Amino acid sequence: VCVCVCMYRYMQAISWCVCVRVLQGSFPIRYTVSSEAAAQHALDDNYSAFLLVDDGTNRRAGGETQFHARLEQHILTRRTGIGGRGSIEIPVLCMLIQGGPNMLERIYGAIKNNIPWLVLSGSGGIADVLAEALVGSFTEETSRKQAEAWLQKHAPAEDVPGLLKLMEKIVEKKHLLTVYNAEQEGVEDFDTIILKTLFKASKKKSTDAQAYLDELKLAVAWSRVDIARSQLFNGEILWKTNDLEDPMTAALVNNEPDFVKLFIDHGINMVEYLSYGRLEELYSSVADNSLLNGLLRRKQVERRCSQSKGSKCTPGVPRPEEGQHRYTLSEVLKVLSDLMGDFCDPIYGELFQLSGSHRRKALLNPQEDSYWKRKCANPWADLFIWAVLQRRGKMATYFWEMGGESVSSGLGADLLLREMSRLEPEAEGAQVIKEMAARFQQLAVDVFNECYRHSEKRAFQLLVRRCPVWGRATCLQLATEADARTFLAHDGVQAFLSQVWWGDMDRNTQFWRLVLAYFCPPFIYSSLIKFRSSSEEQASTGPASEPECNENDILLEPVGNSRDDEAGVRVSGRDGRPFCMRRWKQFWETPVTSFFSNVIMYFAFLFLFAYVLILDLFPEGPSIPELVLYIWVLTIVFEEIRQTFFVSMDMSVKKKVKLYFQDMWNICDILAIGLFAVGVCARMFRDWYDAGRVVLCLDFMVFSFRLVHIFAVHKQLGPKIIIVGKMMKDMFFFLFFLGVWLMAYGVATQGLLHHSETRASWIFRRVFYRPYLQIFGQIPLNELDAAQIPSSNCTDDPVAILMEELPPCTNTYANWLVILLLTIFLLVANILLVNLLIAMFSYTFNKVQENSDIYWKFQRYKLIVEYHKRPALPPPFIIVSHLNIFIKRNIRRVPSVKSKVFVMDFPESVASKLMTWEAVQKENYLVCRNRAKRESNMEQLKRTAQKVDTVLNYITDIKEHERRLRVLEKQVDYCTEALTWLIESLMQSDLVKNAKPPPTLPDSSYKRDSRL
């Protein structure tokens, strides 16, 4: 906003006339220019507003000076923010462009109040005179004479001595005056010039940081970290942690990661800085139009509504509630719970009391725990989550680099951002969020790759360790929820899955050996199936090669009772069970055995089902094979119930059912079981036997379709199954266009040819079925072309047609239109739409084929996790495994070992060493990335540009030195001439008698015309 201050009566007299009566404080004022001469003194329309000052004088300019001074002094006492509640005092800077002699009085009045001035040299007027006086020495006779000569031209003679004295007083306070010449100093950002002027004016001799806080806050507000680093963090000022807290908050709110890094590098302690109350202030500072603000606002309204419904609201401890948008961590907790889901504990849940068993109904009892005064346990993680929710990529990346648990943090950010992208209403904003999520997923992949490259065993531990920061979720759980296929397709993750898949068996075991051992279990104890020996197991799962961590290294098979209490793991070589039991368990509890046994028995199930349908399904009643089939399906039902309600015990029933139906193959299982139940019930009644047989035939197709999921683990067939699934989605869009065109053509031809048809079945057949067959070349010309329609008995009587006594007659009127419609229909359907479908299929195939390895590995991960949770025996023998599990869990109270393969709790000492090792690998990755970045062509160009800028700055300094040398040379010439005149005067006088001649220069003709 640019405001002009001028004299009201002066402007009224010489340039414009007021059209309405002006009272004191009137607004607005309407005026018109009275003449062309007055137009030269009209108000400049480049200003945003005008303040017209009336001091009672007429036709006299300069009366607004006192108003200027009072206005500037008033602004100096104000602060930023609404109502002046901000933390930065509003700075005042005056600029001198051209100007007359009367400006000296105003400048002097301003500098007495310590208001800095920026003098633009080269703009003319008093600005050039003052610039010369400031650059040179005003006591010099030449500069003083120039100023006096200029003042005599533009000011009354009686005011010149006073103006000269006033200029001397102004020059004495050079630190408040800055001269800027764009031609000599080059083009620079004007905000940089203003900020440097303010810093120069506020420069003090004190080293106390409190004296420079306003300047630092101003640099933060203007986002000039370069000036703050050169002027305030150059080692001359002693900054303390408490001095940087307010500027740190301003840098976080204003999204200034460079300032945040600068403050942290200069000693601010984030553990002491970040409390839960300050974290709430950061969440309360979100932009009003942001997605996060909408989510928090909704949760805040829900919380207030839930509190108002109760009989009493807890009064609570007085809190700094400022405004209506003061958010608490209760709202943040609920937003994070909605974004991350129920697979993990709620973040910040330890700060609240959970009502009942529902995690999301977290209510605070502030009388017991004033958490906002406590320091954050994980400040880097809290700030990282805050930055991710605000979609501040650079800030979040810096906090990710400074914090721990790098892999899980990258995957957690990926999950949060992908969920936020689904809530973002604008497509462009959603795309930006997805790109940011992909960057954090790639960071997690890169760090995990560095970890896997250095230690495979510890990388596996990172995958299954519960992360306290992310609600005790594991990296694999976070990656699964975030659909992080790139991470799950990493070689390290796949190696871990292969280890889980094969267990203690040799990974190169052939399929026929597994089948033979499955049908003949004694071969398990022979050399047909190779297992790892006890020494190999200890070598692969025992202590790592690093000597500093030998005593606390962790294995992948935790149990509750173990001798190694510190590590909390079971060493296979120390298992006290007999060899036969241990080998039996090693074979039957591996997922690969469970998978192949389920495949074999599922083929047997389909063979039995087909045999019953074709050869053994009689109306008299179920036979023995049919009863076996019923029992078989009943065991499948028991397994589906176990998968739904008894796999994850720490979830509500509603959440278990929801997770179960999220898998398409589970829906397929429910459909197959439901159809089987309907078909069996129908076939038990003789009247419904045929309907039951039809349902069972359809059910066999559904059960057969289930084989597709089994072959998803195959490296070649898995991607093809994904391609088929995506092509089916494309097919639905194609069928929509085809259905519209087919219906339009079918209705038109039916109306033209058979307008007397009343049978609904025949109408449907001619409208949809016949046009559909025509696409594949079955064109009945004897029903369409009048020239080929045979003559036969027909009728137009609706009753006869309905009773099917005679067929309806074909209408041959406008038959040419029928042929034309047939031609257009075949042209559009066979050429346009079919080729469109082929193009869609081709695009889908190429898209999936490029990432076929990633898709297959992701499907493989899901399949391995599924079969790892399944019992060892397949249906129908799975009932034995169900009884064994029931006895172990409910009678013997033996905890599950399988559930701890993908989720592990490590002791504090072991987890600390593991996190330290991960942090070291992250630092190695960052060093390599920065080195590669420095060696890139873009960075070399940037460094070259910086060097060029440095050379230009040196050249500018050389020009400044050259100008100073010229001034010094003029002064030397003046001194030389003065001394020459003095010598000549003394020689001509009789005061000094000296026979020796005065000294002369070696070259008397020397002139200082050679300028540097």
# chains A, B, ... in the order shown; residues from 1 in each chain; ligands from 1
$ residues_around --residues "segment 916-931 of chain A" --least-positions-apart "4" --cutoff "12 Å" --atoms "only C-alpha atoms" --output "PyMOL selection string"
chain A and resi 397-398+400-408+410+443-455+458-463+546+548-549+909-912+935-936+939-940
$ closest_residue --among "A:Val129, A:Leu52, A:Val301, A:Val92" --to "Phe199 of chain A" --atoms "only C-alpha atoms"
A:Val92
$ residues_around --residues "segment 794-801 of chain A" --least-positions-apart "6" --cutoff "10 Å" --atoms "only C-alpha atoms" --output "PDB file with N, CA, C and O atoms, in the first residue's frame"
ATOM      1  N   HIS A 754     -40.430 -54.950 -36.940  1.00  0.00           N
ATOM      2  CA  HIS A 754     -41.446 -55.743 -36.227  1.00  0.00           C
ATOM      3  C   HIS A 754     -42.217 -54.836 -35.274  1.00  0.00           C
ATOM      4  O   HIS A 754     -42.122 -54.986 -34.047  1.00  0.00           O
ATOM      5  N   HIS A 755     -42.983 -53.930 -35.824  1.00  0.00           N
ATOM      6  CA  HIS A 755     -43.723 -52.993 -34.974  1.00  0.00           C
ATOM      7  C   HIS A 755     -44.926 -53.648 -34.310  1.00  0.00           C
ATOM      8  O   HIS A 755     -45.486 -53.108 -33.362  1.00  0.00           O
ATOM      9  N   SER A 756     -45.308 -54.815 -34.819  1.00  0.00           N
ATOM     10  CA  SER A 756     -46.480 -55.493 -34.253  1.00  0.00           C
ATOM     11  C   SER A 756     -46.089 -56.563 -33.224  1.00  0.00           C
ATOM     12  O   SER A 756     -46.975 -57.244 -32.705  1.00  0.00           O
ATOM     13  N   GLU A 757     -44.821 -56.718 -32.928  1.00  0.00           N
ATOM     14  CA  GLU A 757     -44.370 -57.740 -31.972  1.00  0.00           C
ATOM     15  C   GLU A 757     -44.771 -57.334 -30.558  1.00  0.00           C
ATOM     16  O   GLU A 757     -44.566 -56.199 -30.128  1.00  0.00           O
ATOM     17  N   THR A 758     -45.376 -58.278 -29.794  1.00  0.00           N
ATOM     18  CA  THR A 758     -45.798 -58.003 -28.415  1.00  0.00           C
ATOM     19  C   THR A 758     -45.154 -58.938 -27.402  1.00  0.00           C
ATOM     20  O   THR A 758     -45.339 -58.761 -26.203  1.00  0.00           O
ATOM     21  N   ARG A 759     -44.420 -59.950 -27.847  1.00  0.00           N
ATOM     22  CA  ARG A 759     -43.785 -60.888 -26.930  1.00  0.00           C
ATOM     23  C   ARG A 759     -42.501 -60.266 -26.357  1.00  0.00           C
ATOM     24  O   ARG A 759     -41.586 -59.881 -27.108  1.00  0.00           O
ATOM     25  N   PRO A 807     -46.122 -66.239 -36.749  1.00  0.00           N
ATOM     26  CA  PRO A 807     -45.094 -65.239 -36.468  1.00  0.00           C
ATOM     27  C   PRO A 807     -45.537 -63.871 -36.980  1.00  0.00           C
ATOM     28  O   PRO A 807     -46.374 -63.768 -37.878  1.00  0.00           O
ATOM     29  N   PRO A 808     -44.989 -62.802 -36.416  1.00  0.00           N
ATOM     30  CA  PRO A 808     -45.362 -61.471 -36.893  1.00  0.00           C
ATOM     31  C   PRO A 808     -44.767 -61.205 -38.269  1.00  0.00           C
ATOM     32  O   PRO A 808     -43.693 -61.705 -38.616  1.00  0.00           O
ATOM     33  N   CYS A 809     -45.460 -60.432 -39.042  1.00  0.00           N
ATOM     34  CA  CYS A 809     -44.985 -60.084 -40.373  1.00  0.00           C
ATOM     35  C   CYS A 809     -43.882 -59.024 -40.276  1.00  0.00           C
ATOM     36  O   CYS A 809     -43.934 -58.118 -39.435  1.00  0.00           O
ATOM     37  N   THR A 810     -42.935 -59.174 -41.206  1.00  0.00           N
ATOM     38  CA  THR A 810     -41.842 -58.212 -41.252  1.00  0.00           C
ATOM     39  C   THR A 810     -42.256 -57.019 -42.096  1.00  0.00           C
ATOM     40  O   THR A 810     -42.718 -57.169 -43.237  1.00  0.00           O
ATOM     41  N   ASN A 811     -42.056 -55.817 -41.542  1.00  0.00           N
ATOM     42  CA  ASN A 811     -42.422 -54.589 -42.249  1.00  0.00           C
ATOM     43  C   ASN A 811     -41.294 -54.225 -43.206  1.00  0.00           C
ATOM     44  O   ASN A 811     -40.141 -54.051 -42.810  1.00  0.00           O
TER      45      ASN A 811
END
$ atom_distance --atom1 "atom CA of Lys334 of chain A" --atom2 "atom CA of Arg304 of chain A"
13.6 Å
$ residues_around --residues "Trp588 of chain A" --least-positions-apart "6" --cutoff "8 Å" --atoms "only C-alpha atoms" --output "number ranges by chain"
A: 594, 872-873
$ closest_residue --among "A:Lys862, A:Lys530, A:Arg683, A:Arg472" --to "Pro346 of chain A" --atoms "only C-alpha atoms"
A:Arg472
$ residues_around --residues "Thr178 of chain A" --least-positions-apart "2" --cutoff "9 Å" --atoms "only C-alpha atoms" --output "compact mmCIF listing (two decimals) with C-alpha atoms, in the first residue's frame"
# COMPACT_ATOMS: atom_id res chain seq x y z
CA PRO A 116 16.88 5.21 8.93
CA TRP A 117 16.94 6.80 5.48
CA LEU A 118 17.79 5.36 2.09
CA VAL A 119 19.27 8.00 -0.21
CA LEU A 120 19.03 7.23 -3.93
CA ALA A 131 24.98 11.42 -1.20
CA LEU A 134 27.99 11.04 2.87
CA LYS A 174 25.98 8.20 8.97
CA HIS A 175 24.86 4.84 10.40
CA LEU A 176 21.24 5.90 9.84
CA TYR A 180 22.45 3.54 -3.07
CA THR A 197 19.59 -0.51 5.41
CA LYS A 200 22.91 -1.04 9.24
CA ALA A 201 20.74 1.40 11.19
$ select_by_dssp --residues "segment 55-297 of chain A" --states "strand (DSSP E or B)" --output "list in words"
Arg79, Glu89, Cys94, Met95, Leu96, Trp117, Leu118, Val119, Leu120, Leu177, Thr178, Val179, Tyr180, Asp208, Leu238 and Ser275 of chain A
$ closest_residue --among "A:Leu941, A:Leu244, A:Ala221, A:Leu291" --to "Ala430 of chain A" --atoms "only C-alpha atoms"
A:Leu291
$ atom_distance --atom1 "atom CA of Tyr276 of chain A" --atom2 "atom CA of Lys373 of chain A"
6.5 Å
$ residues_around --residues "Leu707 of chain A" --least-positions-apart "2" --cutoff "12 Å" --atoms "only C-alpha atoms" --output "PyMOL selection string"
chain A and resi 598-603+605-606+665+668-669+700-705+709-713+717-718+721
$ decode --residues "segment 660-673 of chain A" --atoms "all heavy atoms" --output "PDB file, in the first residue's frame"
ATOM      1  N   TYR A 660     -11.746 -58.055   6.253  1.00  0.00           N
ATOM      2  CA  TYR A 660     -11.951 -59.296   5.508  1.00  0.00           C
ATOM      3  C   TYR A 660     -12.555 -59.026   4.141  1.00  0.00           C
ATOM      4  O   TYR A 660     -12.131 -59.603   3.129  1.00  0.00           O
ATOM      5  CB  TYR A 660     -12.844 -60.227   6.322  1.00  0.00           C
ATOM      6  CG  TYR A 660     -13.137 -61.538   5.642  1.00  0.00           C
ATOM      7  CD1 TYR A 660     -12.229 -62.589   5.693  1.00  0.00           C
ATOM      8  CD2 TYR A 660     -14.324 -61.737   4.945  1.00  0.00           C
ATOM      9  CE1 TYR A 660     -12.495 -63.799   5.060  1.00  0.00           C
ATOM     10  CE2 TYR A 660     -14.607 -62.933   4.309  1.00  0.00           C
ATOM     11  CZ  TYR A 660     -13.680 -63.963   4.368  1.00  0.00           C
ATOM     12  OH  TYR A 660     -13.936 -65.153   3.737  1.00  0.00           O
ATOM     13  N   PHE A 661     -13.526 -58.154   4.081  1.00  0.00           N
ATOM     14  CA  PHE A 661     -14.203 -57.899   2.811  1.00  0.00           C
ATOM     15  C   PHE A 661     -13.441 -56.926   1.921  1.00  0.00           C
ATOM     16  O   PHE A 661     -13.876 -56.676   0.794  1.00  0.00           O
ATOM     17  CB  PHE A 661     -15.608 -57.367   3.069  1.00  0.00           C
ATOM     18  CG  PHE A 661     -16.590 -58.430   3.438  1.00  0.00           C
ATOM     19  CD1 PHE A 661     -16.944 -58.629   4.760  1.00  0.00           C
ATOM     20  CD2 PHE A 661     -17.144 -59.248   2.473  1.00  0.00           C
ATOM     21  CE1 PHE A 661     -17.844 -59.630   5.112  1.00  0.00           C
ATOM     22  CE2 PHE A 661     -18.045 -60.246   2.804  1.00  0.00           C
ATOM     23  CZ  PHE A 661     -18.397 -60.439   4.139  1.00  0.00           C
ATOM     24  N   GLN A 662     -12.331 -56.372   2.399  1.00  0.00           N
ATOM     25  CA  GLN A 662     -11.515 -55.538   1.529  1.00  0.00           C
ATOM     26  C   GLN A 662     -10.747 -56.359   0.496  1.00  0.00           C
ATOM     27  O   GLN A 662     -10.329 -55.820  -0.529  1.00  0.00           O
ATOM     28  CB  GLN A 662     -10.531 -54.710   2.369  1.00  0.00           C
ATOM     29  CG  GLN A 662     -11.170 -53.538   3.089  1.00  0.00           C
ATOM     30  CD  GLN A 662     -10.162 -52.757   3.908  1.00  0.00           C
ATOM     31  OE1 GLN A 662      -8.998 -53.153   4.051  1.00  0.00           O
ATOM     32  NE2 GLN A 662     -10.594 -51.648   4.462  1.00  0.00           N
ATOM     33  N   ASP A 663     -10.568 -57.649   0.766  1.00  0.00           N
ATOM     34  CA  ASP A 663      -9.883 -58.535  -0.174  1.00  0.00           C
ATOM     35  C   ASP A 663     -10.903 -59.108  -1.153  1.00  0.00           C
ATOM     36  O   ASP A 663     -11.924 -59.690  -0.747  1.00  0.00           O
ATOM     37  CB  ASP A 663      -9.179 -59.650   0.591  1.00  0.00           C
ATOM     38  CG  ASP A 663      -8.239 -60.445  -0.310  1.00  0.00           C
ATOM     39  OD1 ASP A 663      -8.268 -60.249  -1.539  1.00  0.00           O
ATOM     40  OD2 ASP A 663      -7.463 -61.262   0.227  1.00  0.00           O
ATOM     41  N   MET A 664     -10.642 -58.942  -2.446  1.00  0.00           N
ATOM     42  CA  MET A 664     -11.577 -59.415  -3.454  1.00  0.00           C
ATOM     43  C   MET A 664     -11.729 -60.935  -3.406  1.00  0.00           C
ATOM     44  O   MET A 664     -12.829 -61.466  -3.648  1.00  0.00           O
ATOM     45  CB  MET A 664     -11.087 -58.988  -4.836  1.00  0.00           C
ATOM     46  CG  MET A 664     -12.039 -59.355  -5.974  1.00  0.00           C
ATOM     47  SD  MET A 664     -11.270 -59.202  -7.578  1.00  0.00           S
ATOM     48  CE  MET A 664     -10.102 -60.569  -7.540  1.00  0.00           C
ATOM     49  N   TRP A 665     -10.657 -61.651  -3.084  1.00  0.00           N
ATOM     50  CA  TRP A 665     -10.733 -63.106  -3.076  1.00  0.00           C
ATOM     51  C   TRP A 665     -11.556 -63.615  -1.902  1.00  0.00           C
ATOM     52  O   TRP A 665     -12.166 -64.683  -1.995  1.00  0.00           O
ATOM     53  CB  TRP A 665      -9.318 -63.693  -3.046  1.00  0.00           C
ATOM     54  CG  TRP A 665      -8.539 -63.313  -4.257  1.00  0.00           C
ATOM     55  CD1 TRP A 665      -7.474 -62.459  -4.329  1.00  0.00           C
ATOM     56  CD2 TRP A 665      -8.777 -63.752  -5.604  1.00  0.00           C
ATOM     57  NE1 TRP A 665      -7.028 -62.338  -5.617  1.00  0.00           N
ATOM     58  CE2 TRP A 665      -7.813 -63.126  -6.428  1.00  0.00           C
ATOM     59  CE3 TRP A 665      -9.705 -64.608  -6.197  1.00  0.00           C
ATOM     60  CZ2 TRP A 665      -7.761 -63.337  -7.793  1.00  0.00           C
ATOM     61  CZ3 TRP A 665      -9.650 -64.821  -7.568  1.00  0.00           C
ATOM     62  CH2 TRP A 665      -8.685 -64.183  -8.345  1.00  0.00           C
ATOM     63  N   ASN A 666     -11.592 -62.877  -0.809  1.00  0.00           N
ATOM     64  CA  ASN A 666     -12.479 -63.260   0.288  1.00  0.00           C
ATOM     65  C   ASN A 666     -13.939 -63.110  -0.127  1.00  0.00           C
ATOM     66  O   ASN A 666     -14.793 -63.922   0.250  1.00  0.00           O
ATOM     67  CB  ASN A 666     -12.192 -62.403   1.521  1.00  0.00           C
ATOM     68  CG  ASN A 666     -10.853 -62.755   2.154  1.00  0.00           C
ATOM     69  OD1 ASN A 666     -10.371 -63.880   2.031  1.00  0.00           O
ATOM     70  ND2 ASN A 666     -10.254 -61.798   2.834  1.00  0.00           N
ATOM     71  N   ILE A 667     -14.222 -62.068  -0.890  1.00  0.00           N
ATOM     72  CA  ILE A 667     -15.589 -61.909  -1.413  1.00  0.00           C
ATOM     73  C   ILE A 667     -15.929 -63.069  -2.344  1.00  0.00           C
ATOM     74  O   ILE A 667     -17.052 -63.593  -2.327  1.00  0.00           O
ATOM     75  CB  ILE A 667     -15.716 -60.567  -2.143  1.00  0.00           C
ATOM     76  CG1 ILE A 667     -15.460 -59.411  -1.173  1.00  0.00           C
ATOM     77  CG2 ILE A 667     -17.080 -60.422  -2.785  1.00  0.00           C
ATOM     78  CD1 ILE A 667     -15.471 -58.052  -1.830  1.00  0.00           C
ATOM     79  N   CYS A 668     -14.949 -63.496  -3.126  1.00  0.00           N
ATOM     80  CA  CYS A 668     -15.158 -64.650  -4.010  1.00  0.00           C
ATOM     81  C   CYS A 668     -15.442 -65.913  -3.196  1.00  0.00           C
ATOM     82  O   CYS A 668     -16.314 -66.726  -3.560  1.00  0.00           O
ATOM     83  CB  CYS A 668     -13.930 -64.838  -4.900  1.00  0.00           C
ATOM     84  SG  CYS A 668     -14.049 -66.205  -6.069  1.00  0.00           S
ATOM     85  N   ASP A 669     -14.723 -66.093  -2.078  1.00  0.00           N
ATOM     86  CA  ASP A 669     -14.970 -67.254  -1.217  1.00  0.00           C
ATOM     87  C   ASP A 669     -16.364 -67.217  -0.622  1.00  0.00           C
ATOM     88  O   ASP A 669     -17.068 -68.248  -0.587  1.00  0.00           O
ATOM     89  CB  ASP A 669     -13.929 -67.293  -0.095  1.00  0.00           C
ATOM     90  CG  ASP A 669     -12.538 -67.587  -0.633  1.00  0.00           C
ATOM     91  OD1 ASP A 669     -12.440 -68.174  -1.723  1.00  0.00           O
ATOM     92  OD2 ASP A 669     -11.555 -67.208   0.036  1.00  0.00           O
ATOM     93  N   ILE A 670     -16.779 -66.041  -0.147  1.00  0.00           N
ATOM     94  CA  ILE A 670     -18.116 -65.925   0.442  1.00  0.00           C
ATOM     95  C   ILE A 670     -19.187 -66.204  -0.617  1.00  0.00           C
ATOM     96  O   ILE A 670     -20.200 -66.879  -0.355  1.00  0.00           O
ATOM     97  CB  ILE A 670     -18.301 -64.526   1.061  1.00  0.00           C
ATOM     98  CG1 ILE A 670     -17.366 -64.350   2.254  1.00  0.00           C
ATOM     99  CG2 ILE A 670     -19.746 -64.303   1.478  1.00  0.00           C
ATOM    100  CD1 ILE A 670     -17.628 -65.315   3.393  1.00  0.00           C
ATOM    101  N   LEU A 671     -18.986 -65.705  -1.826  1.00  0.00           N
ATOM    102  CA  LEU A 671     -19.938 -65.956  -2.899  1.00  0.00           C
ATOM    103  C   LEU A 671     -20.015 -67.439  -3.228  1.00  0.00           C
ATOM    104  O   LEU A 671     -21.118 -68.006  -3.403  1.00  0.00           O
ATOM    105  CB  LEU A 671     -19.535 -65.154  -4.138  1.00  0.00           C
ATOM    106  CG  LEU A 671     -20.404 -65.352  -5.380  1.00  0.00           C
ATOM    107  CD1 LEU A 671     -21.850 -64.910  -5.110  1.00  0.00           C
ATOM    108  CD2 LEU A 671     -19.827 -64.593  -6.579  1.00  0.00           C
ATOM    109  N   ALA A 672     -18.858 -68.097  -3.282  1.00  0.00           N
ATOM    110  CA  ALA A 672     -18.852 -69.532  -3.603  1.00  0.00           C
ATOM    111  C   ALA A 672     -19.540 -70.337  -2.503  1.00  0.00           C
ATOM    112  O   ALA A 672     -20.348 -71.249  -2.792  1.00  0.00           O
ATOM    113  CB  ALA A 672     -17.414 -69.998  -3.791  1.00  0.00           C
ATOM    114  N   ILE A 673     -19.234 -70.004  -1.247  1.00  0.00           N
ATOM    115  CA  ILE A 673     -19.864 -70.742  -0.139  1.00  0.00           C
ATOM    116  C   ILE A 673     -21.366 -70.479  -0.098  1.00  0.00           C
ATOM    117  O   ILE A 673     -22.177 -71.390   0.138  1.00  0.00           O
ATOM    118  CB  ILE A 673     -19.182 -70.339   1.186  1.00  0.00           C
ATOM    119  CG1 ILE A 673     -17.727 -70.833   1.194  1.00  0.00           C
ATOM    120  CG2 ILE A 673     -19.939 -70.906   2.376  1.00  0.00           C
ATOM    121  CD1 ILE A 673     -16.916 -70.330   2.364  1.00  0.00           C
TER     122      ILE A 673
END
